[in-house]
Amino acid sequence: MIQHPALAKIDSSVPVTVTADRTLRVKVIDTCGMTCTFCHNEGTPVSTDNRTHQIGAFAPTGPSGRVSIYAATNGSSFLSAPVFPDEAFRHALTQLRQALDFDEVHLTGGEPTLHPRLPQLIALAKEIGYEVSVTSNGENGRRILADCADAGLDHVNFSIFGTTLEELAQIQHARYRRPALARRKITALDESIQLALDTGIGTRANVVLPNRGHVPRVHHLLRKYSDRLSIRVLSSLADGDNSLQAIDLLLNELKAELEEVRLIAGTSGFRMAYRLPSGRELIVKHIRPLRLPDTCTDCRFNNPTDCEEGYYGVRLYRDTTGTFHVGVCIQRMDLCLPVEEFVAGTACAEVARLRERDFQDLTA
């Protein structure tokens, strides 16, 4: 069994399921209308703030108010550009599916719903055989999610940063402390969630819990939305024990009972499924210290404090020249390789070996 504080006191009667990670994350756009203070922006610099910066001098913050927390230290050598539903994207998806047996593509950003051709991206991925999910802050879902549903979108994960103006202000740039603007964002999120539920898309809400002060946000979510909306609580890597203690407090307040531990071989993320007295399910997502056996061994971040995400999975990016890159770590963007080099090289084989070995270890 893996070592993690959340699993330390788990009764042996709790069922454990193990699956293999077969998800490819694709950053389809860098644009975003939110300014979350903890955003990693999938490891890439904020494009609009860095167009005049030289490689090696990318800034983690800029005039837009947005942040990319690792940009100053992760060695990123490119700015991301929008992905288009063209043959180049089809070829990249096909190569990676064949090389690593991926069966799900997870579209991220920035904010994917700001991509004007998001439905066409979804349709293309579905044609190749992928299940498709999108992570969204909900700011533009009302305009595009119905078309995404028609294109075959399977799931949308809404990142919820506040259900009230005060909650939203806690983790946003000062501009979102203006009530009118914050209210528009919250209203747009509410409309997007309702539309997703109405169109039959699998709808989930992700809320990060940095410390005890954020526990009321989850209570607000559970009261505000019906149980058709699946709630997932995420631990905050940067806040460590404070985040884990906040999750424990939340579970105690909710009188939640653990029903299942869901381990995913080949990725650092794992999930714990709880049942509330009302019958509603609550998912808590944690990160375990999984590493690539060769790539991570000599990494300067390979220690219990500096490596915040572990090996989370494979990410696909498109740069401003049209080249597709594959990354394996948002803290080490210098490891990114063009798709053809990645597929033909040792990194791809290492990812496949790790997934197989991890699956064997977890099921043993």
# chains A, B, ... in the order shown; residues from 1 in each chain; ligands from 1
call {"tool": "residues_around", "arguments": {"residues": "Pro289 of chain A", "least_positions_apart": "2", "cutoff": "9 Å", "atoms": "only C-alpha atoms", "output": "PyMOL selection string"}}
result
chain A and resi 2-4+268+287+291+304+307-311
call {"tool": "write_last_selection", "arguments": {"atoms": "N, CA and C atoms", "output": "PDB file, in the first residue's frame"}}
result
ATOM      1  N   ILE A   2       0.419   2.300  -0.663  1.00  0.00           N
ATOM      2  CA  ILE A   2       1.186   3.534  -0.724  1.00  0.00           C
ATOM      3  C   ILE A   2       1.184   4.226   0.634  1.00  0.00           C
ATOM      4  N   GLN A   3       2.212   5.029   0.877  1.00  0.00           N
ATOM      5  CA  GLN A   3       2.319   5.771   2.116  1.00  0.00           C
ATOM      6  C   GLN A   3       1.784   7.182   1.908  1.00  0.00           C
ATOM      7  N   HIS A   4       0.791   7.557   2.703  1.00  0.00           N
ATOM      8  CA  HIS A   4       0.228   8.903   2.643  1.00  0.00           C
ATOM      9  C   HIS A   4      -0.530   9.141   3.933  1.00  0.00           C
ATOM     10  N   SER A 268       0.503  10.354  -9.779  1.00  0.00           N
ATOM     11  CA  SER A 268       0.593  10.661  -8.353  1.00  0.00           C
ATOM     12  C   SER A 268      -0.765  10.911  -7.717  1.00  0.00           C
ATOM     13  N   ILE A 287      -2.404  13.745  -3.486  1.00  0.00           N
ATOM     14  CA  ILE A 287      -1.202  13.494  -4.288  1.00  0.00           C
ATOM     15  C   ILE A 287      -0.251  12.626  -3.484  1.00  0.00           C
ATOM     16  N   ARG A 291       7.370   9.008  -8.479  1.00  0.00           N
ATOM     17  CA  ARG A 291       8.438   9.606  -9.285  1.00  0.00           C
ATOM     18  C   ARG A 291       8.748   8.722 -10.491  1.00  0.00           C
ATOM     19  N   PRO A 304      11.176  15.725  -0.325  1.00  0.00           N
ATOM     20  CA  PRO A 304       9.804  15.768   0.187  1.00  0.00           C
ATOM     21  C   PRO A 304       9.150  17.154   0.176  1.00  0.00           C
ATOM     22  N   CYS A 307       9.334  18.937  -4.510  1.00  0.00           N
ATOM     23  CA  CYS A 307       8.543  18.297  -5.566  1.00  0.00           C
ATOM     24  C   CYS A 307       7.082  18.311  -5.144  1.00  0.00           C
ATOM     25  N   GLU A 308       6.311  19.213  -5.727  1.00  0.00           N
ATOM     26  CA  GLU A 308       4.956  19.434  -5.249  1.00  0.00           C
ATOM     27  C   GLU A 308       3.916  18.527  -5.895  1.00  0.00           C
ATOM     28  N   GLU A 309       4.130  18.116  -7.144  1.00  0.00           N
ATOM     29  CA  GLU A 309       3.118  17.334  -7.849  1.00  0.00           C
ATOM     30  C   GLU A 309       3.519  15.882  -8.052  1.00  0.00           C
ATOM     31  N   GLY A 310       4.809  15.565  -7.928  1.00  0.00           N
ATOM     32  CA  GLY A 310       5.261  14.231  -8.286  1.00  0.00           C
ATOM     33  C   GLY A 310       5.080  14.014  -9.781  1.00  0.00           C
ATOM     34  N   TYR A 311       5.059  12.746 -10.198  1.00  0.00           N
ATOM     35  CA  TYR A 311       4.785  12.482 -11.614  1.00  0.00           C
ATOM     36  C   TYR A 311       3.280  12.356 -11.778  1.00  0.00           C
TER      37      TYR A 311
END
call {"tool": "residues_around", "arguments": {"residues": "segment 270-272 of chain A", "least_positions_apart": "6", "cutoff": "8 Å", "atoms": "only C-alpha atoms", "output": "PyMOL selection string"}}
result
chain A and resi 258-264+283-288
call {"tool": "select_by_dssp", "arguments": {"residues": "segment 215-278 of chain A", "states": "helix (DSSP H, G or I)", "output": "ChimeraX atom specification"}}
result
/A:215-224,237-254
call {"tool": "closest_residue", "arguments": {"among": "A:Leu254, A:Ala182, A:Leu165, A:Leu197", "to": "Val215 of chain A", "atoms": "only C-alpha atoms"}}
result
A:Leu254
call {"tool": "residues_around", "arguments": {"residues": "Glu281 of chain A", "least_positions_apart": "6", "cutoff": "12 Å", "atoms": "only C-alpha atoms", "output": "MDAnalysis selection string"}}
result
chainID A and resid 204 222 226:233 251 254:260 272:275
call {"tool": "closest_residue", "arguments": {"among": "A:Gln95, A:Ser236, A:Thr44, A:Ser159", "to": "Ile330 of chain A", "atoms": "only C-alpha atoms"}}
result
A:Thr44
call {"tool": "closest_atom_pairs", "arguments": {"of": "segment 235-336 of chain A", "to": "segment 59-81 of chain A", "cutoff": "7 Å", "atoms": "only C-alpha atoms", "output": "Markdown table"}}
result
| residue | atom | partner | partner_atom | distance |
| --- | --- | --- | --- | --- |
| A:Tyr317 | CA | A:Ser80 | CA | 6.5 |
| A:Arg318 | CA | A:Ala81 | CA | 5.6 |
| A:Asp319 | CA | A:Ser80 | CA | 4.4 |
| A:Thr320 | CA | A:Ala81 | CA | 5.1 |
| A:Gln331 | CA | A:Asn74 | CA | 4.9 |
| A:Arg332 | CA | A:Asn74 | CA | 4.7 |
| A:Met333 | CA | A:Ser76 | CA | 4.7 |
| A:Asp334 | CA | A:Gly75 | CA | 4.8 |
call {"tool": "residues_around", "arguments": {"residues": "Thr199 of chain A", "least_positions_apart": "5", "cutoff": "9 Å", "atoms": "only C-alpha atoms", "output": "list in words"}}
result
Leu145, Ala146, Ala149, Asp150 and Gln194 of chain A
